[in-house]
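Next comes model_8.txt, a file with compact mmCIF, C-alpha atoms and all ligand atoms.
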```txt
# COMPACT_ATOMS: atom_id res chain seq x y z
CA MET A 1 121.92 97.10 88.90
CA THR A 2 120.41 94.08 87.23
CA LEU A 3 117.37 92.70 89.00
CA LEU A 4 116.33 89.92 86.66
CA GLU A 5 118.55 88.17 84.17
CA ILE A 6 117.05 85.71 81.72
CA SER A 7 119.47 83.58 79.70
CA ASP A 8 118.90 80.94 77.07
CA LEU A 9 115.31 80.56 78.14
CA LYS A 10 113.11 78.12 76.27
CA THR A 11 109.53 77.15 77.11
CA HIS A 12 108.13 74.31 75.04
CA PHE A 13 104.72 72.65 75.24
CA PRO A 14 104.53 69.06 74.09
CA THR A 15 101.15 68.63 72.34
CA GLN A 16 99.44 66.01 70.16
CA SER A 17 100.33 67.92 67.01
CA GLY A 18 103.96 68.55 68.00
CA ILE A 19 106.12 70.71 70.23
CA VAL A 20 104.93 74.28 70.56
CA ARG A 21 108.08 76.40 70.90
CA ALA A 22 106.38 79.35 72.59
CA VAL A 23 109.57 80.85 74.07
CA ASP A 24 112.59 79.97 71.95
CA THR A 25 115.11 81.45 72.95
CA ILE A 26 115.02 84.56 75.16
CA ASP A 27 117.99 86.46 76.66
CA LEU A 28 117.14 89.65 78.43
CA SER A 29 117.79 91.51 81.65
CA ILE A 30 115.76 94.00 83.61
CA ARG A 31 117.38 96.58 85.87
CA GLU A 32 116.13 97.82 89.22
CA ARG A 33 113.31 100.36 88.72
CA GLU A 34 113.38 99.96 84.96
CA THR A 35 110.22 99.69 82.88
CA PHE A 36 110.91 97.21 80.10
CA GLY A 37 108.35 96.92 77.32
CA LEU A 38 107.68 93.66 75.52
CA ILE A 39 105.83 94.02 72.24
CA GLY A 40 104.78 91.61 69.55
CA GLU A 41 101.87 90.21 67.60
CA THR A 42 99.34 87.88 69.14
CA GLY A 43 100.65 84.38 69.82
CA CYS A 44 104.37 85.27 69.78
CA GLY A 45 104.89 84.03 73.36
CA LYS A 46 104.65 87.14 75.57
CA THR A 47 102.24 85.74 78.15
CA VAL A 48 104.03 82.39 78.19
CA LEU A 49 107.28 84.24 78.96
CA GLY A 50 105.57 86.00 81.90
CA LEU A 51 104.10 82.76 83.21
CA THR A 52 107.49 81.06 82.85
CA LEU A 53 109.10 83.76 84.99
CA MET A 54 106.44 83.17 87.65
CA ARG A 55 106.76 79.40 87.28
CA LEU A 56 103.04 79.13 86.76
CA LEU A 57 102.98 76.64 83.91
CA HIS A 58 101.80 73.06 83.94
CA PRO A 59 104.53 70.57 85.02
CA THR A 60 104.50 68.88 81.59
CA THR A 61 105.93 72.08 80.11
CA THR A 62 109.63 71.92 79.25
CA VAL A 63 111.52 74.92 80.56
CA GLU A 64 115.26 75.30 79.95
CA GLY A 65 117.79 78.03 80.67
CA THR A 66 118.19 80.29 83.68
CA ILE A 67 116.13 83.03 85.26
CA ARG A 68 118.23 84.84 87.84
CA TYR A 69 116.39 87.11 90.22
CA ARG A 70 118.80 88.95 92.54
CA GLY A 71 121.26 86.21 91.67
CA LYS A 72 118.94 83.30 92.52
CA ASN A 73 117.94 80.90 89.74
CA LEU A 74 114.15 80.75 89.86
CA LEU A 75 114.11 77.58 87.83
CA THR A 76 115.99 75.54 90.43
CA ILE A 77 114.70 76.84 93.79
CA SER A 78 112.06 74.84 95.67
CA GLU A 79 108.34 75.43 95.23
CA ALA A 80 108.23 76.79 98.81
CA GLU A 81 110.91 79.37 97.99
CA MET A 82 109.16 80.21 94.73
CA ARG A 83 105.93 80.84 96.61
CA LEU A 84 107.72 83.49 98.67
CA ILE A 85 109.09 85.13 95.54
CA ARG A 86 105.65 85.16 93.95
CA GLY A 87 103.70 88.05 95.31
CA GLU A 88 106.38 89.42 97.62
CA GLU A 89 109.19 89.87 95.10
CA ILE A 90 107.57 89.43 91.70
CA ALA A 91 103.89 89.87 90.96
CA MET A 92 102.08 89.34 87.69
CA ILE A 93 99.04 91.34 86.70
CA LEU A 94 97.31 88.87 84.44
CA GLN A 95 96.02 89.62 80.98
CA ASN A 96 92.34 89.02 81.58
CA PRO A 97 90.86 90.54 84.75
CA THR A 98 87.50 88.91 84.15
CA THR A 99 88.89 85.41 84.41
CA SER A 100 91.62 86.30 86.92
CA LEU A 101 89.29 87.65 89.59
CA ASN A 102 87.26 85.03 91.42
CA PRO A 103 83.62 85.76 90.49
CA VAL A 104 82.16 84.41 93.75
CA MET A 105 84.46 86.30 96.10
CA ARG A 106 84.16 89.95 97.09
CA VAL A 107 86.94 92.04 95.52
CA GLY A 108 88.24 93.28 98.88
CA GLU A 109 88.38 89.75 100.27
CA GLN A 110 90.43 88.53 97.31
CA ILE A 111 93.02 91.22 97.88
CA ALA A 112 92.93 90.66 101.65
CA GLU A 113 93.47 86.95 101.07
CA ALA A 114 96.66 87.64 99.07
CA ILE A 115 97.88 90.00 101.79
CA ARG A 116 97.10 87.52 104.57
CA LEU A 117 98.91 84.75 102.74
CA HIS A 118 102.08 86.72 102.08
CA GLN A 119 102.31 89.18 104.91
CA GLY A 120 100.81 87.13 107.68
CA LEU A 121 98.40 89.90 108.68
CA ARG A 122 95.26 89.05 110.68
CA ARG A 123 91.97 88.99 108.81
CA ARG A 124 90.89 92.43 109.96
CA ALA A 125 94.23 94.16 109.29
CA ALA A 126 94.40 92.50 105.87
CA LYS A 127 90.90 93.74 105.06
CA GLU A 128 91.90 97.28 106.01
CA LYS A 129 95.04 97.05 103.89
CA ALA A 130 92.94 95.79 100.96
CA VAL A 131 90.68 98.84 101.21
CA GLU A 132 93.79 101.04 101.35
CA MET A 133 95.12 99.36 98.20
CA LEU A 134 91.80 99.88 96.36
CA ASP A 135 91.87 103.49 97.47
CA SER A 136 95.46 103.90 96.26
CA VAL A 137 94.47 102.78 92.75
CA ARG A 138 91.68 105.37 92.99
CA ILE A 139 88.63 103.21 93.25
CA PRO A 140 86.03 105.65 94.52
CA ALA A 141 84.33 104.77 97.83
CA ALA A 142 86.86 101.98 98.28
CA SER A 143 85.56 100.73 101.62
CA ARG A 144 82.09 100.17 100.14
CA ARG A 145 83.38 98.87 96.81
CA ALA A 146 85.59 96.34 98.58
CA ASN A 147 82.42 94.48 99.52
CA GLU A 148 81.26 94.14 95.93
CA TYR A 149 81.74 91.21 93.57
CA PRO A 150 83.83 91.50 90.37
CA HIS A 151 80.72 91.61 88.14
CA GLU A 152 79.70 94.83 89.88
CA PHE A 153 82.94 96.47 88.72
CA SER A 154 83.37 98.14 85.32
CA GLY A 155 86.23 97.01 83.05
CA GLY A 156 88.47 99.86 84.16
CA MET A 157 87.71 99.20 87.83
CA LYS A 158 88.48 95.49 87.45
CA GLN A 159 91.79 96.46 85.91
CA ARG A 160 92.49 98.77 88.86
CA ALA A 161 91.58 95.98 91.26
CA MET A 162 94.05 93.68 89.50
CA ILE A 163 96.75 96.31 89.84
CA ALA A 164 95.89 96.75 93.54
CA MET A 165 96.19 93.00 94.00
CA GLY A 166 99.56 92.97 92.24
CA LEU A 167 100.85 95.81 94.40
CA ALA A 168 99.38 94.52 97.66
CA CYS A 169 102.54 92.72 98.79
CA ASP A 170 104.89 95.46 97.60
CA PRO A 171 106.89 93.45 95.03
CA ALA A 172 110.15 94.74 93.49
CA LEU A 173 109.18 93.54 90.01
CA ILE A 174 105.79 93.62 88.35
CA ILE A 175 104.93 91.74 85.20
CA ALA A 176 101.96 93.58 83.73
CA ASP A 177 100.32 91.63 80.89
CA GLU A 178 98.26 93.90 78.61
CA PRO A 179 97.01 96.09 81.45
CA THR A 180 95.25 98.49 79.07
CA LYS A 181 93.69 96.01 76.68
CA GLY A 182 90.02 96.47 75.86
CA LEU A 183 89.69 99.76 77.75
CA ASP A 184 88.23 102.85 76.13
CA VAL A 185 90.49 105.83 75.50
CA THR A 186 89.77 107.80 78.69
CA ILE A 187 90.03 104.83 81.01
CA LYS A 188 93.14 103.67 79.19
CA ALA A 189 94.79 107.05 79.82
CA GLN A 190 93.92 106.79 83.52
CA ILE A 191 95.26 103.25 83.85
CA THR A 192 98.40 104.26 81.93
CA GLU A 193 98.92 107.10 84.39
CA LEU A 194 98.41 104.72 87.30
CA ILE A 195 100.96 102.27 85.91
CA LYS A 196 103.37 105.12 85.34
CA GLU A 197 103.17 106.13 89.00
CA THR A 198 103.56 102.52 90.08
CA ALA A 199 106.51 101.95 87.79
CA LYS A 200 108.46 104.86 89.26
CA GLU A 201 109.45 102.85 92.30
CA LYS A 202 109.46 99.37 90.86
CA ALA A 203 110.87 97.39 88.01
CA MET A 204 108.27 96.40 85.47
CA LEU A 205 108.00 94.08 82.51
CA LEU A 206 105.17 95.66 80.56
CA ILE A 207 103.62 93.40 77.95
CA THR A 208 101.52 95.31 75.46
CA HIS A 209 100.32 95.58 71.88
CA ASP A 210 99.98 99.27 72.34
CA LEU A 211 103.00 101.19 71.11
CA GLY A 212 101.60 104.47 72.43
CA VAL A 213 101.46 103.03 75.94
CA ALA A 214 104.92 101.51 75.54
CA ARG A 215 106.39 104.79 74.36
CA ALA A 216 104.86 106.71 77.24
CA LEU A 217 105.99 104.29 79.93
CA CYS A 218 109.05 102.26 78.97
CA ASP A 219 112.77 102.90 79.33
CA ARG A 220 113.59 100.14 76.89
CA ILE A 221 111.50 98.16 74.43
CA ALA A 222 111.93 94.70 72.97
CA LEU A 223 110.13 93.32 69.94
CA MET A 224 109.28 89.64 70.13
CA TYR A 225 108.55 87.51 67.07
CA ALA A 226 107.80 83.76 67.02
CA GLY A 227 109.28 83.03 70.44
CA GLU A 228 112.41 85.18 70.22
CA LEU A 229 113.48 88.79 70.50
CA VAL A 230 114.24 90.40 67.15
CA GLU A 231 115.22 93.86 68.37
CA TYR A 232 115.64 95.80 71.56
CA ALA A 233 116.94 99.20 72.53
CA ALA A 234 116.13 102.34 74.49
CA THR A 235 112.57 103.47 73.74
CA GLU A 236 113.52 106.57 71.74
CA GLU A 237 116.01 104.55 69.71
CA ILE A 238 113.29 102.04 68.78
CA PHE A 239 111.01 104.81 67.56
CA GLU A 240 113.67 107.00 65.93
CA ASN A 241 115.89 104.32 64.48
CA PRO A 242 114.08 100.99 64.12
CA LEU A 243 116.34 98.55 62.27
CA HIS A 244 114.52 95.23 62.06
CA PRO A 245 111.99 94.97 59.21
CA TYR A 246 109.51 93.54 61.72
CA THR A 247 109.91 96.56 64.02
CA ARG A 248 109.53 98.89 61.05
CA GLY A 249 106.43 97.01 59.97
CA PHE A 250 105.02 97.12 63.47
CA LEU A 251 105.63 100.87 63.78
CA GLY A 252 104.16 101.30 60.31
CA SER A 253 100.95 99.70 61.46
CA LEU A 254 100.40 102.49 63.99
CA PRO A 255 97.32 104.64 63.27
CA GLY A 256 99.54 107.76 63.07
CA ASN A 257 101.53 106.20 60.25
CA GLY A 258 98.65 105.29 57.99
CA LEU A 259 97.89 101.82 59.40
CA VAL A 260 99.67 99.57 56.96
CA PRO A 261 99.69 96.12 58.55
CA ILE A 262 102.57 93.71 57.96
CA PRO A 263 101.46 91.33 55.20
CA GLY A 264 101.18 87.63 56.00
CA MET A 265 100.90 85.82 59.30
CA SER A 266 103.31 84.82 62.02
CA PRO A 267 104.55 81.23 61.62
CA SER A 268 103.30 78.20 63.51
CA LEU A 269 105.39 77.70 66.63
CA ILE A 270 105.25 73.95 65.94
CA ASP A 271 106.82 74.33 62.52
CA LEU A 272 109.12 77.34 62.49
CA PRO A 273 110.65 78.37 59.15
CA ASP A 274 114.37 77.73 58.56
CA GLY A 275 116.64 80.74 58.58
CA CYS A 276 115.22 84.00 59.85
CA ARG A 277 111.77 83.35 61.28
CA PHE A 278 110.51 86.57 59.72
CA HIS A 279 111.85 85.93 56.20
CA PRO A 280 108.57 84.67 54.65
CA ARG A 281 107.01 88.07 55.40
CA CYS A 282 110.05 90.24 54.81
CA SER A 283 110.29 92.34 51.65
CA HIS A 284 114.09 92.57 52.07
CA ALA A 285 114.72 88.81 52.43
CA LYS A 286 117.85 87.53 50.66
CA ALA A 287 119.16 84.01 50.09
CA VAL A 288 121.00 83.93 53.42
CA CYS A 289 117.81 84.84 55.31
CA ARG A 290 116.16 81.65 54.09
CA LYS A 291 119.08 79.48 55.21
CA LYS A 292 120.71 80.92 58.28
CA HIS A 293 119.17 81.88 61.58
CA PRO A 294 120.48 85.37 62.44
CA GLU A 295 121.97 86.08 65.88
CA LEU A 296 120.94 89.01 68.01
CA ILE A 297 123.80 91.49 67.42
CA GLU A 298 124.60 94.72 69.26
CA VAL A 299 124.79 97.15 66.34
CA GLU A 300 125.17 100.27 68.48
CA ALA A 301 125.67 100.55 72.22
CA GLY A 302 122.58 98.99 73.79
CA HIS A 303 120.80 98.46 70.46
CA PHE A 304 120.39 94.78 69.56
CA VAL A 305 119.02 93.50 66.25
CA ARG A 306 118.50 90.04 64.77
CA CYS A 307 118.82 90.75 61.05
CA PHE A 308 121.54 90.18 58.43
CA ASP A 309 120.80 93.60 56.96
CA ALA A 310 121.24 95.65 60.13
N1 LIG B 401 99.50 75.29 77.62
C1 LIG B 401 99.77 75.43 76.34
N2 LIG B 401 99.90 74.35 75.53
C2 LIG B 401 100.20 74.49 74.23
N3 LIG B 401 100.40 75.68 73.63
C3 LIG B 401 100.29 76.79 74.37
C4 LIG B 401 99.97 76.73 75.76
N4 LIG B 401 99.92 77.99 76.25
C5 LIG B 401 100.19 78.79 75.21
N5 LIG B 401 100.42 78.08 74.08
C6 LIG B 401 100.77 78.61 72.76
O1 LIG B 401 101.94 79.38 72.90
C7 LIG B 401 101.92 80.46 71.97
C8 LIG B 401 102.21 81.75 72.67
O2 LIG B 401 101.08 82.11 73.44
P1 LIG B 401 101.00 83.43 74.32
O3 LIG B 401 99.74 83.37 75.08
O4 LIG B 401 102.26 83.60 75.08
O5 LIG B 401 100.92 84.57 73.21
P2 LIG B 401 100.90 86.14 73.43
O6 LIG B 401 102.11 86.69 72.76
O7 LIG B 401 100.71 86.45 74.86
O8 LIG B 401 99.62 86.56 72.58
P3 LIG B 401 98.51 87.69 72.88
O9 LIG B 401 99.13 88.97 72.40
O10 LIG B 401 97.36 87.29 72.05
O11 LIG B 401 98.23 87.69 74.35
C9 LIG B 401 100.56 80.41 71.28
O12 LIG B 401 100.75 79.77 70.04
C10 LIG B 401 99.74 79.56 72.20
O13 LIG B 401 98.75 78.88 71.48
MG MG B 402 99.23 87.26 75.96
```
Please rewrite the model in this file as structure tokens.
Amino acid sequence: MTLLEISDLKTHFPTQSGIVRAVDTIDLSIRERETFGLIGETGCGKTVLGLTLMRLLHPTTTVEGTIRYRGKNLLTISEAEMRLIRGEEIAMILQNPTTSLNPVMRVGEQIAEAIRLHQGLRRRAAKEKAVEMLDSVRIPAASRRANEYPHEFSGGMKQRAMIAMGLACDPALIIADEPTKGLDVTIKAQITELIKETAKEKAMLLITHDLGVARALCDRIALMYAGELVEYAATEEIFENPLHPYTRGFLGSLPGNGLVPIPGMSPSLIDLPDGCRFHPRCSHAKAVCRKKHPELIEVEAGHFVRCFDA
């Protein structure tokens, strides 16, 4: 069953230097209980996509298309309805725990606040639930730690606290933005395990640079480049049979494969190249790639690629 269906989604930021086409155009659906990985180089629009789904962008942002969650278009419902969806139905674990946690509020209180707001629990019950949540993400001595401030938490513990906050209202869909970024190997493995447990019962959009994490956790993976998806398929298919030159390049830049980065840089989202957006960096580019923008085509059942060569 489809839980979230995104069609024709565009998110554009008008700026002094021009229109930043951060999401341009995304079609994608996430099934109940599925873990869907979203991968791509820095600046390709992953976080903006997440924030668009949560409707957390500044009102001057242009958003077009539809985002259907259990059939409801999140782009047309009222702010009051959206507030109910946020937290209770869909939660986002933000990319940077240091700036996402309020530095002057005790960690337990922040989680309790979210619970009180969404579940209408009394202060005391919410506090108890917050401690339970911290305990469930394996923060040791949770009842004592709940009274500490974010700066007293290590990086891994902050990340756990963010996950606890995301899970506090028992959402059906979690958008996890780079939950393992900046963590050392051991802590990363622990957080990955924690996300894996969490993802068993929930649907998740997992945004990551880390292909190892994606491979371990995701049912399907999509590669995003310059605001659009260039390939998506079941996880094993992506690793065994990558078809887009960008995907191949990305897999090739894995440490296990000798770390050969893709030459060149991703294009400016204000001034996207004609034709295939990847053609200036593609060693297989032909004349058509410079002129025509390729469609996302289903080349095998469930395997979609945006490339004239596939
Ligand atoms: N409010 C804004 N106004 C203008 N441009 C923005 C705004 N927010 C984001 N952008 C631009 O949108 C593009 C996509 O940004 P986004 O944060 O989604 O990238 P990302 O894929 O999450 O990168 P990273 O992997 O580094 O987190 C970037 O070029 C960014 O500068
Ligand atoms: Mg990001």
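Of the residues under consideration (A:Val288, A:Ile270, A:Cys307, A:Met92), A:Ile270 shows the shortest atom-to-atom contact distance to ligand LIG 401 (chain B) when counting only C-alpha atoms and all ligand atoms.
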field: Residue neighbourhood stretch 196-212 of chain A, 7 Å, all atoms listed in the file, exclusion window fewer than 3 positions, as an MDAnalysis selection string
entry: chainID A and resid 31:40 46 172:178 192:193 215:217
Any chance you could tabulate, as JSON lines, the residues of stretch 185-253 of chain A at most 10 Å from stretch 3-25 of chain A with each one's nearest atom pair and distance in Å to one decimal, using only C-alpha atoms, in chain and rising number order?
```
{"residue": "A:Ala203", "atom": "CA", "partner": "A:Leu3", "partner_atom": "CA", "distance": 8.1}
{"residue": "A:Met224", "atom": "CA", "partner": "A:Val23", "partner_atom": "CA", "distance": 9.6}
{"residue": "A:Tyr225", "atom": "CA", "partner": "A:Val23", "partner_atom": "CA", "distance": 9.7}
{"residue": "A:Ala226", "atom": "CA", "partner": "A:Ala22", "partner_atom": "CA", "distance": 7.2}
{"residue": "A:Gly227", "atom": "CA", "partner": "A:Val23", "partner_atom": "CA", "distance": 4.2}
{"residue": "A:Glu228", "atom": "CA", "partner": "A:Thr25", "partner_atom": "CA", "distance": 5.4}
{"residue": "A:Leu229", "atom": "CA", "partner": "A:Thr25", "partner_atom": "CA", "distance": 7.9}
```
- prompt: If you count only C-alpha atoms, which residues fall within 12 Å of A:Glu79, apart from same-chain ones fewer than 3 positions away, as a list in words?
  reply: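 Listing them by chain and then by number gives Met54, Arg55, Leu56, Pro59, Leu74, Leu75, Thr76, Met82, Arg83, Leu84, Ile85 and Arg86 of chain A.
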Would you put the residues from that selection into a file with C-alpha atoms, as a tab-separated table (two decimals), keeping the file's coordinate frame?
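Saved to again20.tsv:
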```
chain	number	residue	atom	x	y	z
A	54	MET	CA	106.44	83.17	87.65
A	55	ARG	CA	106.76	79.40	87.28
A	56	LEU	CA	103.04	79.13	86.76
A	59	PRO	CA	104.53	70.57	85.02
A	74	LEU	CA	114.15	80.75	89.86
A	75	LEU	CA	114.11	77.58	87.83
A	76	THR	CA	115.99	75.54	90.43
A	82	MET	CA	109.16	80.21	94.73
A	83	ARG	CA	105.93	80.84	96.61
A	84	LEU	CA	107.72	83.49	98.67
A	85	ILE	CA	109.09	85.13	95.54
A	86	ARG	CA	105.65	85.16	93.95
```
message: Considering all atoms listed in the file, can you say which of A:Ser266, A:His118, A:Asn96, A:Ile67 comes closest to ligand MG 402 (chain B)?
response: A:Asn96
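Between ligand LIG 401 (chain B) and the residues A:Glu295, A:Asp271, A:Glu113, A:Asp135, the shortest atom-to-atom distance, using only C-alpha atoms and all ligand atoms, involves A:Asp271.
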- prompt: Any idea what the distance is between atom CA of A:Pro280 and atom CA of A:His293?
  reply: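 If I compute the distance from atom CA of A:Pro280 to atom CA of A:His293, I get 13.0 Å.
Going from atom O10 of ligand LIG 401 (chain B) over to atom CA of A:Tyr232, you cover 20.2 Å.
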task: Considering only C-alpha atoms, return as a ChimeraX atom specification whatever protein or nucleic-acid residues lie within 10 Å of A:Phe278, sequence-local ones (same chain, fewer than 2 positions apart) excluded.
output: /A:225-226,230,244-246,265-267,272-276,280-283,285,289-290,307
task: Identify which of the residues A:Ala161, A:Ala125, A:Val305, A:Leu49 lies closest to ligand MG 402 (chain B), counting only C-alpha atoms and all ligand atoms when measuring atom-to-atom distances.
output: A:Leu49
Box time for ligand LIG 401 (chain B): axis-aligned, enclosing all its listed atoms, 3 Å extra on each side; report centre and edge lengths in Å to one decimal, as JSON.
```
{"center_x": 99.8, "center_y": 81.7, "center_z": 73.8, "size_x": 10.9, "size_y": 20.6, "size_z": 13.6}
```
- request: Between atom CA of A:Gly156 and atom CA of A:Gln110, measure the distance and give it in Å to one decimal.
  value: 17.5 Å
query: Which of these residues is nearest to A:Leu194, using only C-alpha atoms: A:Ile115, A:Gln95, A:Arg138, A:Arg106?
result: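 Of the candidates, the smallest distance to A:Leu194 is held by A:Arg138.
Across A:Leu243, A:Ile93, A:Leu269, A:Ile77, the tightest approach to ligand MG 402 (chain B) is made by A:Ile93 when counting all atoms listed in the file.
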- prompt: Quick one: residues within 12 Å of A:Arg144, all atoms listed in the file counted, chain neighbours fewer than 6 positions away excluded, as number ranges by chain?
  reply: A: 106-108, 127-128, 130-132, 134-135, 152
